[in-house]
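Reading through the structure tokens given below for one structure.
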Amino acid sequence: MFTNIRWTLPAVCFVWQTAMIILFGVFVRYNGESDAHWAEFKMARNITSDIDNDFYFRYPSFQDVHVMIFVGFGFLMTFLKRYSFGGVGFNFLVAAFGLQWALLMQGWFHSLDYTDGMIKIGIENLINADFCVAGCLIAYGAVLGKVSPVQLMVMTLFGITLFAVEEYIISDLLHARDAGGSMVIHIFGGYYGLAISWVLYRPNLKESSQLQGSVYHSDVFAMIGTLFLWMFWPSFNSATCDHGDGQHRAAINTYLSLAATVLTTFAISSLSQKHGKLDMVHIQNSTLAGGVAVGTAAEFMLMPYGSLIVGFCCGLLSTLGYLYITPFMEKKLKIQDTCGIHNLHAMPGVIGGIVGAITAAAATESVYGKEGLVNTFDFTNEFKNRTPAVQGGYQAAAMCVAVCFGIGGGTLVGLILRMPIWGDVTDDNCFNDEFYWEVRFAQKTPSFSLSLSLSLSLSFFLCKNVQNRFRNDPLRLWF
Amino acid sequence: MFTNIRWTLPAVCFVWQTAMIILFGVFVRYNGESDAHWAEFKMARNITSDIDNDFYFRYPSFQDVHVMIFVGFGFLMTFLKRYSFGGVGFNFLVAAFGLQWALLMQGWFHSLDYTDGMIKIGIENLINADFCVAGCLIAYGAVLGKVSPVQLMVMTLFGITLFAVEEYIISDLLHARDAGGSMVIHIFGGYYGLAISWVLYRPNLKESSQLQGSVYHSDVFAMIGTLFLWMFWPSFNSATCDHGDGQHRAAINTYLSLAATVLTTFAISSLSQKHGKLDMVHIQNSTLAGGVAVGTAAEFMLMPYGSLIVGFCCGLLSTLGYLYITPFMEKKLKIQDTCGIHNLHAMPGVIGGIVGAITAAAATESVYGKEGLVNTFDFTNEFKNRTPAVQGGYQAAAMCVAVCFGIGGGTLVGLILRMPIWGDVTDDNCFNDEFYWEVRFAQKTPSFSLSLSLSLSLSFFLCKNVQNRFRNDPLRLWF
Amino acid sequence: MFTNIRWTLPAVCFVWQTAMIILFGVFVRYNGESDAHWAEFKMARNITSDIDNDFYFRYPSFQDVHVMIFVGFGFLMTFLKRYSFGGVGFNFLVAAFGLQWALLMQGWFHSLDYTDGMIKIGIENLINADFCVAGCLIAYGAVLGKVSPVQLMVMTLFGITLFAVEEYIISDLLHARDAGGSMVIHIFGGYYGLAISWVLYRPNLKESSQLQGSVYHSDVFAMIGTLFLWMFWPSFNSATCDHGDGQHRAAINTYLSLAATVLTTFAISSLSQKHGKLDMVHIQNSTLAGGVAVGTAAEFMLMPYGSLIVGFCCGLLSTLGYLYITPFMEKKLKIQDTCGIHNLHAMPGVIGGIVGAITAAAATESVYGKEGLVNTFDFTNEFKNRTPAVQGGYQAAAMCVAVCFGIGGGTLVGLILRMPIWGDVTDDNCFNDEFYWEVRFAQKTPSFSLSLSLSLSLSFFLCKNVQNRFRNDPLRLWF
């Protein structure tokens, strides 16, 4: 296949960036808290101190979310031995494009100022744009190493669009609450990616199997991604919550859920191997499932022990997913899921949706307080007569919407991506940076590859058990 | 020895996590600032804006501390060439368990609501739990590569328990101030780890010596840990200080002390080597000593130059410690200290305790202001008649308590860990990830190890000085 | 040449650190918001809540800036295959020294309390010190791998001094606005470094050319630096802006500009290579140019589309700079620029200065609001009659001042650094950690280098095309 992206990638980048500039010029302005008219805005609303600007409530969380998107997702995808550039690099490209388009799409739905037809943006829009991008990056995890950057750009354009519509239906029409996006982000992103991967099924992928794994170093790089995601997940789930107790409670719930997940992940990982050895794939991924699953209910009165229970179950299920579901999906369902996003996002997202629906339905005024109940579920205006039980039903409905958008949208976009114009590699060349990146081999020292070649040639004449002598060679790991 | 942890590790994880869930269910609830009743809480206390929720005072610092615990400590311990998985991975496991147990233990001592017998948690509890975990991770540094994950879990369970008691005695009974935990965290954690390492002395550890070192890459990974610890230490020392000037001053003092430490560390490191070459071990560790030593006095009016002096001395002493004390301890005292925690935590902690005692005793109303003195040392209620001089005495007493708890507790726990049931490795198999992790060798390409084997076999017939030809081979470093 | 720094480096460190302690003792104290007299300060100014302490407005941004200085710049410079220790290590040393000297120099110009002749420091001083250090680290990028640590210390001492004077002229005398330091930091730092590199021209540098490049891993390490710089740049540009809308708007503008830069960088990078392959050098560096270029105007009403346009142009120009200007400068102008700081800092800085001048000149009361215009440009006191048009002129003048200080100062300092007393390496030993660091080779396994030696010897007798057989060897990349 034709992997030359010299014209398509620049063309897509230039056209889309130019479109963004024009659309931003026509539609996007600062909102009341970021505009130079802030002094007047403040006076009109009787705000006494600059510290009440939404910026100070949300900026620290925003930066944490930003780190999760670029370093978290980026480095989590460096685990492949020969696709680290593509993992962190294309993640960067896709996220930078996606957030611009997300600002527009989400802006039209949520931040349109009807007096002048302009989208008014502030810090909360930036966070939501990052959230929106997260959905697409999750999907990238399923097809990592198997698609071209141009395909990724197309996938992101449609992904963001679908996301914004789905989010509008869930949060505005159904009025479902989803602070950390278990449904909106993780279910949608997960199934969107899996559906695309299903349509783009590569029957001969095993020919690339020698590259579909990690080496010692690349696993350590991936831990950077894992840890930044894990540490900042409380910020992710609390970033757009209500000021005050909402953000506070969401952070606590997420912190606890994630801690419990780590223990069950280690337990199952050890239990599943003959000698009890731990598997880095589980530690890198399943430890994060608790953050996903507590997303919807993060702002609710889930109670500390409730968070622990959610985390406990998720670590368990997610690790079992890596052990049994991923191989099953690949073999029987023809879904090739490079990073195992089904176990890390889709399935925990569903758990999160269910937990959210149950917790919402079970909410009582005695637990939340009269005002607390109204604030937490935003039972105001046209929703002021909704009861917790009804809210639970709408939460469940929202979950179905997310699943449908994911699978439906993914299938459709997958079909578009099957067109033979996007410059993707053949089945035996997947997971290989060489096709899209100038990779610096150690060419300055031809000695090395030659030595390898030579040695190999000679090796065939030597009996294999010589190898055993070097079992404890401390360097072996580093290759 | 029997390193199979297939049953013990999962058992410990499941039992302890289940216990946590039950105990959290019985004991832990949200506090006034994270509960949905916040609206009523606010009204009752005449709080006008949500921004006065403690969350906004402490959350950014909390996240920085969180990064220090998981990425800072975790990556600092990746420096061993073949124990990077264990360094960052077990750090993750231990911290995730420890913080749950710490929330309970510290909660019983400090956040118990006597009206309903519940522990009420908020953001400050999360920070304190992270602090508590830090003590155990420091101890891990002394035994890195020499214990099994099950031993680590046991060590953490007891470590957190001892920590909470020690902290209660120091901060509540003695009413000593220790913002950054020089005594509570670093002295305790340091001596706890050293005592354990002393009891678990491995006479034949030198047989693992080929693995007890770094390679080029692993040193760069460790610098990630060093830098995040260094950068966020001002947050560590200021995280639980008084609102306003307390947090502000603690951050400034720590920032300055750490800067000075870097210069003396580089100086001594260069001075100690024949050709003035710098040693990464010193740069990775001793540059942090200034943060430890300024911990107790961080909130006091130490003055900017005072912080610089503390940092200056600590960089000097800590680096000399690596050069002379660590080898001495290993040889004469039979204490094997993998990461050199004596130089990075224990000794600077003692300096910090002394600095704190002196600065407290020297505090005057003219420097602090009448109200400032009361606020800084919390001379209220039953302590309202305490004078700075007396406070200095109690600070010194607190230091002794920390040392005793560390050494006493460590010895005891060490004895428990000597039981032959924990699955630890033999002396000649230390510092090796292979026993607890599925390590992906480059087995897909047998050519390589074969080539190595072959080449080695032939090499014996060649004269050694051929090697010199390749002194400038740019690749040599990367192996 | 004599690379032994055993006496010079420690001497410089000790003398300068001692000088810092003395000067801090004589000159530096806490300011009203970090002093224990805060309670009285608060009362005198009618501040009702501790949250109005400047600490809470700026501390999160400060920590982000701190990360940029130490991890961002530090890891960006680890890209060389054999100079990663020097990149991240000397960056650490230089920054830690520089920030102390910067606190003094900037303090004398901006924070001197004339009532007692003391510099009063708070959180904003720490941010400014980090900014000042950034200028010197930019300059380090031009000479990376070619100077000794002692030369770097000298370069920093003079650099900080020049910076403080330049900043005083620009911000106080000319009253030019430069929130993110496009002019003050990036133009100055860029030309300062280029001028030094020009004076220190190394005619035979190509003899080190085998080390002047990256390998697979070192490029991944460098991406850590890139991403932390990219993500936290909004904090950099907003850290010292006006409370409220100023910080809010600056963050939004920078976020958008950087996103646009990524797309054009990828586009040009792909377009420039025969098969459309991307070059990591561009991705690591040019993606950041948008943050530099939006610096001066970050706080202005640049409008979201304006930020995108700036980012668009900068990604384009910066990548073209790497392709055409850097080789031209090296060949024709005899300026060797290791990291390409001309493309990442100097040129985008000039663009930023121009954008700032134009935007300032075009400011109107209708866009900013009456009060907003005064606040944004600080048209108060002796500047209360200045008009936007005049302000534009002063902005342009400021840019010239920055260029002159950079080139003039750099040339001068370069001449000082040419003295043969600083222990720098010869032209054929550049980019090599071995001269200043104890580098741990894998000496424990002599087999390896021997095997290399042997293999190489034999390889000469083998025909070269054996090599082709291993084109798909998955390990080749990791060497």
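Order determines the names: the first chain of the structure tokens is A, the second B, and so forth; residues in each chain are numbered 1 upward, and ligands are numbered 1 upward as they are shown.
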Could you list, as a PDB file with all heavy atoms, in the first residue's frame, every residue of chain B that has an atom within 6 Å of an atom of chain C, counting only C-alpha atoms?
ATOM      1  N   VAL B 215      22.297   2.182  34.450  1.00  0.00           N
ATOM      2  CA  VAL B 215      22.860   2.375  33.120  1.00  0.00           C
ATOM      3  C   VAL B 215      22.408   3.758  32.657  1.00  0.00           C
ATOM      4  O   VAL B 215      21.615   4.411  33.327  1.00  0.00           O
ATOM      5  CB  VAL B 215      22.405   1.289  32.121  1.00  0.00           C
ATOM      6  CG1 VAL B 215      23.077  -0.028  32.424  1.00  0.00           C
ATOM      7  CG2 VAL B 215      20.919   1.170  32.088  1.00  0.00           C
ATOM      8  N   GLY B 244      -3.011  31.695  53.873  1.00  0.00           N
ATOM      9  CA  GLY B 244      -2.436  33.034  53.769  1.00  0.00           C
ATOM     10  C   GLY B 244      -0.926  33.039  53.869  1.00  0.00           C
ATOM     11  O   GLY B 244      -0.251  32.327  53.128  1.00  0.00           O
ATOM     12  N   ASP B 245      -0.410  33.827  54.819  1.00  0.00           N
ATOM     13  CA  ASP B 245       1.044  33.991  54.900  1.00  0.00           C
ATOM     14  C   ASP B 245       1.761  32.680  55.211  1.00  0.00           C
ATOM     15  O   ASP B 245       2.896  32.486  54.787  1.00  0.00           O
ATOM     16  CB  ASP B 245       1.399  35.043  55.946  1.00  0.00           C
ATOM     17  CG  ASP B 245       1.003  34.611  57.351  1.00  0.00           C
ATOM     18  OD1 ASP B 245      -0.172  34.252  57.544  1.00  0.00           O
ATOM     19  OD2 ASP B 245       1.868  34.592  58.236  1.00  0.00           O
ATOM     20  N   HIS B 248       2.297  30.796  52.009  1.00  0.00           N
ATOM     21  CA  HIS B 248       3.131  31.650  51.169  1.00  0.00           C
ATOM     22  C   HIS B 248       4.602  31.585  51.607  1.00  0.00           C
ATOM     23  O   HIS B 248       5.502  31.356  50.799  1.00  0.00           O
ATOM     24  CB  HIS B 248       2.604  33.090  51.283  1.00  0.00           C
ATOM     25  CG  HIS B 248       2.963  33.976  50.135  1.00  0.00           C
ATOM     26  ND1 HIS B 248       2.183  35.018  49.731  1.00  0.00           N
ATOM     27  CD2 HIS B 248       4.018  33.987  49.295  1.00  0.00           C
ATOM     28  CE1 HIS B 248       2.741  35.634  48.705  1.00  0.00           C
ATOM     29  NE2 HIS B 248       3.853  35.033  48.419  1.00  0.00           N
ATOM     30  N   ARG B 249       4.820  31.739  52.913  1.00  0.00           N
ATOM     31  CA  ARG B 249       6.191  31.776  53.422  1.00  0.00           C
ATOM     32  C   ARG B 249       6.863  30.408  53.318  1.00  0.00           C
ATOM     33  O   ARG B 249       8.043  30.301  52.968  1.00  0.00           O
ATOM     34  CB  ARG B 249       6.165  32.246  54.880  1.00  0.00           C
ATOM     35  CG  ARG B 249       7.511  32.636  55.432  1.00  0.00           C
ATOM     36  CD  ARG B 249       7.354  33.474  56.697  1.00  0.00           C
ATOM     37  NE  ARG B 249       6.536  32.793  57.690  1.00  0.00           N
ATOM     38  CZ  ARG B 249       5.321  33.196  58.078  1.00  0.00           C
ATOM     39  NH1 ARG B 249       4.777  34.272  57.551  1.00  0.00           N
ATOM     40  NH2 ARG B 249       4.666  32.517  58.993  1.00  0.00           N
ATOM     41  N   ALA B 259      17.317  25.585  46.156  1.00  0.00           N
ATOM     42  CA  ALA B 259      18.221  26.167  45.161  1.00  0.00           C
ATOM     43  C   ALA B 259      19.656  26.132  45.659  1.00  0.00           C
ATOM     44  O   ALA B 259      20.583  25.777  44.926  1.00  0.00           O
ATOM     45  CB  ALA B 259      17.796  27.597  44.838  1.00  0.00           C
ATOM     46  N   LEU B 263      23.655  23.822  44.365  1.00  0.00           N
ATOM     47  CA  LEU B 263      25.018  24.287  44.130  1.00  0.00           C
ATOM     48  C   LEU B 263      26.048  23.547  44.959  1.00  0.00           C
ATOM     49  O   LEU B 263      27.087  23.148  44.436  1.00  0.00           O
ATOM     50  CB  LEU B 263      25.116  25.802  44.359  1.00  0.00           C
ATOM     51  CG  LEU B 263      24.827  26.557  43.057  1.00  0.00           C
ATOM     52  CD1 LEU B 263      23.360  26.872  42.930  1.00  0.00           C
ATOM     53  CD2 LEU B 263      25.694  27.762  42.910  1.00  0.00           C
ATOM     54  N   ALA B 267      29.065  21.000  43.740  1.00  0.00           N
ATOM     55  CA  ALA B 267      30.437  21.313  44.142  1.00  0.00           C
ATOM     56  C   ALA B 267      31.110  20.103  44.780  1.00  0.00           C
ATOM     57  O   ALA B 267      32.205  19.706  44.365  1.00  0.00           O
ATOM     58  CB  ALA B 267      30.427  22.490  45.118  1.00  0.00           C
ATOM     59  N   SER B 270      31.692  17.131  42.344  1.00  0.00           N
ATOM     60  CA  SER B 270      32.824  17.352  41.443  1.00  0.00           C
ATOM     61  C   SER B 270      34.147  17.223  42.194  1.00  0.00           C
ATOM     62  O   SER B 270      35.101  16.608  41.722  1.00  0.00           O
ATOM     63  CB  SER B 270      32.704  18.738  40.807  1.00  0.00           C
ATOM     64  OG  SER B 270      33.820  19.015  40.015  1.00  0.00           O
ATOM     65  N   LEU B 271      34.173  17.784  43.391  1.00  0.00           N
ATOM     66  CA  LEU B 271      35.400  17.805  44.192  1.00  0.00           C
ATOM     67  C   LEU B 271      35.860  16.406  44.583  1.00  0.00           C
ATOM     68  O   LEU B 271      37.046  16.155  44.780  1.00  0.00           O
ATOM     69  CB  LEU B 271      35.116  18.623  45.469  1.00  0.00           C
ATOM     70  CG  LEU B 271      36.273  19.318  46.166  1.00  0.00           C
ATOM     71  CD1 LEU B 271      37.016  20.222  45.205  1.00  0.00           C
ATOM     72  CD2 LEU B 271      35.734  20.138  47.326  1.00  0.00           C
ATOM     73  N   HIS B 275      38.873  13.409  38.387  1.00  0.00           N
ATOM     74  CA  HIS B 275      38.914  14.400  37.322  1.00  0.00           C
ATOM     75  C   HIS B 275      37.784  15.413  37.415  1.00  0.00           C
ATOM     76  O   HIS B 275      37.460  16.079  36.446  1.00  0.00           O
ATOM     77  CB  HIS B 275      38.873  13.712  35.959  1.00  0.00           C
ATOM     78  CG  HIS B 275      40.082  12.869  35.715  1.00  0.00           C
ATOM     79  ND1 HIS B 275      41.316  13.410  35.465  1.00  0.00           N
ATOM     80  CD2 HIS B 275      40.251  11.529  35.729  1.00  0.00           C
ATOM     81  CE1 HIS B 275      42.193  12.442  35.321  1.00  0.00           C
ATOM     82  NE2 HIS B 275      41.581  11.279  35.481  1.00  0.00           N
ATOM     83  N   GLY B 276      37.172  15.493  38.581  1.00  0.00           N
ATOM     84  CA  GLY B 276      36.109  16.469  38.764  1.00  0.00           C
ATOM     85  C   GLY B 276      34.811  16.101  38.091  1.00  0.00           C
ATOM     86  O   GLY B 276      33.938  16.944  37.916  1.00  0.00           O
ATOM     87  N   LYS B 277      34.703  14.844  37.701  1.00  0.00           N
ATOM     88  CA  LYS B 277      33.463  14.434  37.049  1.00  0.00           C
ATOM     89  C   LYS B 277      32.330  14.309  38.060  1.00  0.00           C
ATOM     90  O   LYS B 277      32.533  13.886  39.193  1.00  0.00           O
ATOM     91  CB  LYS B 277      33.657  13.085  36.342  1.00  0.00           C
ATOM     92  CG  LYS B 277      34.602  13.201  35.172  1.00  0.00           C
ATOM     93  CD  LYS B 277      34.661  11.908  34.394  1.00  0.00           C
ATOM     94  CE  LYS B 277      35.716  12.016  33.297  1.00  0.00           C
ATOM     95  NZ  LYS B 277      35.799  10.775  32.506  1.00  0.00           N
ATOM     96  N   LEU B 278      31.134  14.663  37.602  1.00  0.00           N
ATOM     97  CA  LEU B 278      29.971  14.643  38.480  1.00  0.00           C
ATOM     98  C   LEU B 278      29.376  13.245  38.542  1.00  0.00           C
ATOM     99  O   LEU B 278      29.434  12.487  37.574  1.00  0.00           O
ATOM    100  CB  LEU B 278      28.928  15.624  37.957  1.00  0.00           C
ATOM    101  CG  LEU B 278      29.410  17.079  37.944  1.00  0.00           C
ATOM    102  CD1 LEU B 278      28.615  17.886  36.940  1.00  0.00           C
ATOM    103  CD2 LEU B 278      29.309  17.674  39.328  1.00  0.00           C
ATOM    104  N   ASP B 279      28.782  12.925  39.698  1.00  0.00           N
ATOM    105  CA  ASP B 279      28.179  11.600  39.872  1.00  0.00           C
ATOM    106  C   ASP B 279      26.664  11.743  39.929  1.00  0.00           C
ATOM    107  O   ASP B 279      26.128  12.479  40.756  1.00  0.00           O
ATOM    108  CB  ASP B 279      28.702  10.982  41.168  1.00  0.00           C
ATOM    109  CG  ASP B 279      28.322   9.516  41.272  1.00  0.00           C
ATOM    110  OD1 ASP B 279      27.244   9.141  40.761  1.00  0.00           O
ATOM    111  OD2 ASP B 279      29.095   8.751  41.857  1.00  0.00           O
ATOM    112  N   TYR B 305      17.628  34.355  53.847  1.00  0.00           N
ATOM    113  CA  TYR B 305      19.028  33.924  53.949  1.00  0.00           C
ATOM    114  C   TYR B 305      19.145  32.699  54.846  1.00  0.00           C
ATOM    115  O   TYR B 305      20.014  31.864  54.646  1.00  0.00           O
ATOM    116  CB  TYR B 305      19.919  35.067  54.452  1.00  0.00           C
ATOM    117  CG  TYR B 305      19.633  35.491  55.870  1.00  0.00           C
ATOM    118  CD1 TYR B 305      20.267  34.894  56.961  1.00  0.00           C
ATOM    119  CD2 TYR B 305      18.702  36.491  56.134  1.00  0.00           C
ATOM    120  CE1 TYR B 305      19.986  35.271  58.257  1.00  0.00           C
ATOM    121  CE2 TYR B 305      18.414  36.883  57.434  1.00  0.00           C
ATOM    122  CZ  TYR B 305      19.056  36.267  58.478  1.00  0.00           C
ATOM    123  OH  TYR B 305      18.763  36.637  59.767  1.00  0.00           O
ATOM    124  N   TYR B 368       7.561  38.356  64.548  1.00  0.00           N
ATOM    125  CA  TYR B 368       6.330  37.716  64.081  1.00  0.00           C
ATOM    126  C   TYR B 368       5.097  38.603  64.200  1.00  0.00           C
ATOM    127  O   TYR B 368       4.094  38.369  63.528  1.00  0.00           O
ATOM    128  CB  TYR B 368       6.067  36.434  64.892  1.00  0.00           C
ATOM    129  CG  TYR B 368       6.952  35.272  64.524  1.00  0.00           C
ATOM    130  CD1 TYR B 368       8.270  35.223  64.967  1.00  0.00           C
ATOM    131  CD2 TYR B 368       6.484  34.226  63.750  1.00  0.00           C
ATOM    132  CE1 TYR B 368       9.089  34.150  64.640  1.00  0.00           C
ATOM    133  CE2 TYR B 368       7.304  33.143  63.423  1.00  0.00           C
ATOM    134  CZ  TYR B 368       8.601  33.113  63.875  1.00  0.00           C
ATOM    135  OH  TYR B 368       9.405  32.058  63.558  1.00  0.00           O
ATOM    136  N   GLY B 369       5.165  39.595  65.036  1.00  0.00           N
ATOM    137  CA  GLY B 369       3.945  40.336  65.361  1.00  0.00           C
ATOM    138  C   GLY B 369       3.181  39.527  66.387  1.00  0.00           C
ATOM    139  O   GLY B 369       3.297  38.303  66.457  1.00  0.00           O
ATOM    140  N   GLY B 372       0.803  37.193  64.721  1.00  0.00           N
ATOM    141  CA  GLY B 372       1.579  36.270  63.894  1.00  0.00           C
ATOM    142  C   GLY B 372       2.208  35.169  64.718  1.00  0.00           C
ATOM    143  O   GLY B 372       2.238  34.001  64.315  1.00  0.00           O
ATOM    144  N   SER B 455      29.579 -14.202  20.113  1.00  0.00           N
ATOM    145  CA  SER B 455      30.651 -13.228  20.110  1.00  0.00           C
ATOM    146  C   SER B 455      31.510 -13.384  21.352  1.00  0.00           C
ATOM    147  O   SER B 455      32.729 -13.329  21.303  1.00  0.00           O
ATOM    148  CB  SER B 455      30.073 -11.823  20.098  1.00  0.00           C
ATOM    149  OG  SER B 455      29.197 -11.704  19.014  1.00  0.00           O
ATOM    150  N   LEU B 456      30.840 -13.594  22.457  1.00  0.00           N
ATOM    151  CA  LEU B 456      31.572 -13.738  23.695  1.00  0.00           C
ATOM    152  C   LEU B 456      32.513 -14.934  23.625  1.00  0.00           C
ATOM    153  O   LEU B 456      33.684 -14.837  23.965  1.00  0.00           O
ATOM    154  CB  LEU B 456      30.602 -13.929  24.859  1.00  0.00           C
ATOM    155  CG  LEU B 456      31.277 -13.984  26.209  1.00  0.00           C
ATOM    156  CD1 LEU B 456      31.986 -12.670  26.503  1.00  0.00           C
ATOM    157  CD2 LEU B 456      30.262 -14.268  27.291  1.00  0.00           C
ATOM    158  N   GLN B 467      39.443  -3.801  22.314  1.00  0.00           N
ATOM    159  CA  GLN B 467      38.380  -3.018  22.914  1.00  0.00           C
ATOM    160  C   GLN B 467      38.644  -1.515  22.855  1.00  0.00           C
ATOM    161  O   GLN B 467      37.731  -0.715  22.662  1.00  0.00           O
ATOM    162  CB  GLN B 467      38.249  -3.439  24.374  1.00  0.00           C
ATOM    163  CG  GLN B 467      36.939  -3.011  25.007  1.00  0.00           C
ATOM    164  CD  GLN B 467      36.864  -3.472  26.447  1.00  0.00           C
ATOM    165  OE1 GLN B 467      37.709  -4.233  26.892  1.00  0.00           O
ATOM    166  NE2 GLN B 467      35.849  -3.038  27.147  1.00  0.00           N
ATOM    167  N   LEU B 477      27.290   3.896  25.300  1.00  0.00           N
ATOM    168  CA  LEU B 477      26.540   4.421  26.426  1.00  0.00           C
ATOM    169  C   LEU B 477      25.162   3.839  26.556  1.00  0.00           C
ATOM    170  O   LEU B 477      24.605   3.730  27.631  1.00  0.00           O
ATOM    171  CB  LEU B 477      26.358   5.917  26.240  1.00  0.00           C
ATOM    172  CG  LEU B 477      27.477   6.755  26.775  1.00  0.00           C
ATOM    173  CD1 LEU B 477      27.036   8.163  26.700  1.00  0.00           C
ATOM    174  CD2 LEU B 477      27.771   6.358  28.185  1.00  0.00           C
TER     175      LEU B 477
END
Q: Could you tell me, as JSON, numbers by chain, which residues of region 325-424 of chain B DSSP assigns to alpha helix (DSSP H) when given the backbone?
A: {"B": [326, 327, 328, 329, 330, 331, 332, 341, 347, 348, 349, 350, 351, 352, 353, 354, 355, 356, 357, 358, 359, 360, 361, 365, 366, 367, 368, 370, 371, 372, 373, 374, 375, 376, 377, 388, 389, 390, 391, 392, 393, 394, 395, 396, 397, 398, 399, 400, 401, 402, 403, 404, 405, 406, 407, 408, 409, 410, 411, 412, 413, 414, 415, 416, 417]}
Q: For region 340-351 of chain A, please output as a ChimeraX atom specification all residues within 8 Å (counting only C-alpha atoms; exclusion window: fewer than 4 positions along the same chain).
A: /A:138-139,141-142,182-183,186-191,194,285-286,288-290,292-293,314,317-319,321-322,326,355,399
Q: For region 252-255 of chain C, please output as an MDAnalysis selection string all residues within 6 Å (counting only C-alpha atoms; exclusion window: fewer than 3 positions along the same chain).
A: chainID C and resid 234 249 258 291 298 307
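Every protein, DNA or RNA residue with an atom at most 10 Å from Val147 (chain A), where only C-alpha atoms count and chain neighbours fewer than 5 positions away do not, is listed here: A:Tyr140, A:Leu152, A:Ser197, A:Leu200, A:Leu417, A:Trp422, A:Gly423, A:Asp424, A:Val425, A:Thr426, A:Cys430, A:Phe431.
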Could you dump the residues just selected with N, CA and C atoms as a tab-separated table (two decimals), in the first residue's frame?
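Generated file (part-v4.tsv):
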chain	number	residue	atom	x	y	z
A	140	TYR	N	-8.37	6.25	19.55
A	140	TYR	CA	-7.06	6.04	18.93
A	140	TYR	C	-6.39	4.81	19.53
A	152	LEU	N	-6.30	9.28	11.19
A	152	LEU	CA	-6.55	9.77	12.55
A	152	LEU	C	-7.23	11.13	12.54
A	197	SER	N	-12.23	-0.15	14.70
A	197	SER	CA	-11.26	-1.23	14.60
A	197	SER	C	-11.89	-2.49	14.00
A	200	LEU	N	-12.18	-1.92	10.32
A	200	LEU	CA	-10.85	-1.94	9.69
A	200	LEU	C	-10.10	-3.24	10.00
A	417	LEU	N	-13.06	5.29	6.48
A	417	LEU	CA	-11.61	5.09	6.61
A	417	LEU	C	-11.11	3.89	5.80
A	422	TRP	N	-5.97	6.80	2.13
A	422	TRP	CA	-5.47	7.46	3.33
A	422	TRP	C	-4.03	7.13	3.68
A	423	GLY	N	-3.40	6.30	2.87
A	423	GLY	CA	-1.97	6.05	3.13
A	423	GLY	C	-1.67	5.17	4.32
A	424	ASP	N	-2.52	4.20	4.63
A	424	ASP	CA	-2.19	3.33	5.75
A	424	ASP	C	-1.32	2.17	5.30
A	425	VAL	N	-0.68	1.54	6.25
A	425	VAL	CA	0.28	0.49	5.95
A	425	VAL	C	-0.39	-0.86	5.75
A	426	THR	N	0.36	-1.80	5.20
A	426	THR	CA	-0.16	-3.16	5.04
A	426	THR	C	-0.12	-3.91	6.38
A	430	CYS	N	2.47	-3.01	10.38
A	430	CYS	CA	1.87	-2.23	11.46
A	430	CYS	C	2.86	-2.04	12.61
A	431	PHE	N	2.49	-1.13	13.52
A	431	PHE	CA	3.27	-0.89	14.74
A	431	PHE	C	4.72	-0.51	14.42
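Relative to CA of Gly306 (chain A), CA of Gly117 (chain B) is found at 18.9 Å.
The residue that comes closest to Phe79 (chain C), out of B:Val220, B:Leu205, B:Thr338, B:Asp116 and on the basis of only C-alpha atoms, is B:Val220.
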**Q.** Neighbour list for region 377-387 of chain C as a ChimeraX atom specification, cut-off 9 Å, only C-alpha atoms, skip fewer than 3 positions in-chain
**A.** /C:175-177,300,360-361,372-374,390-392
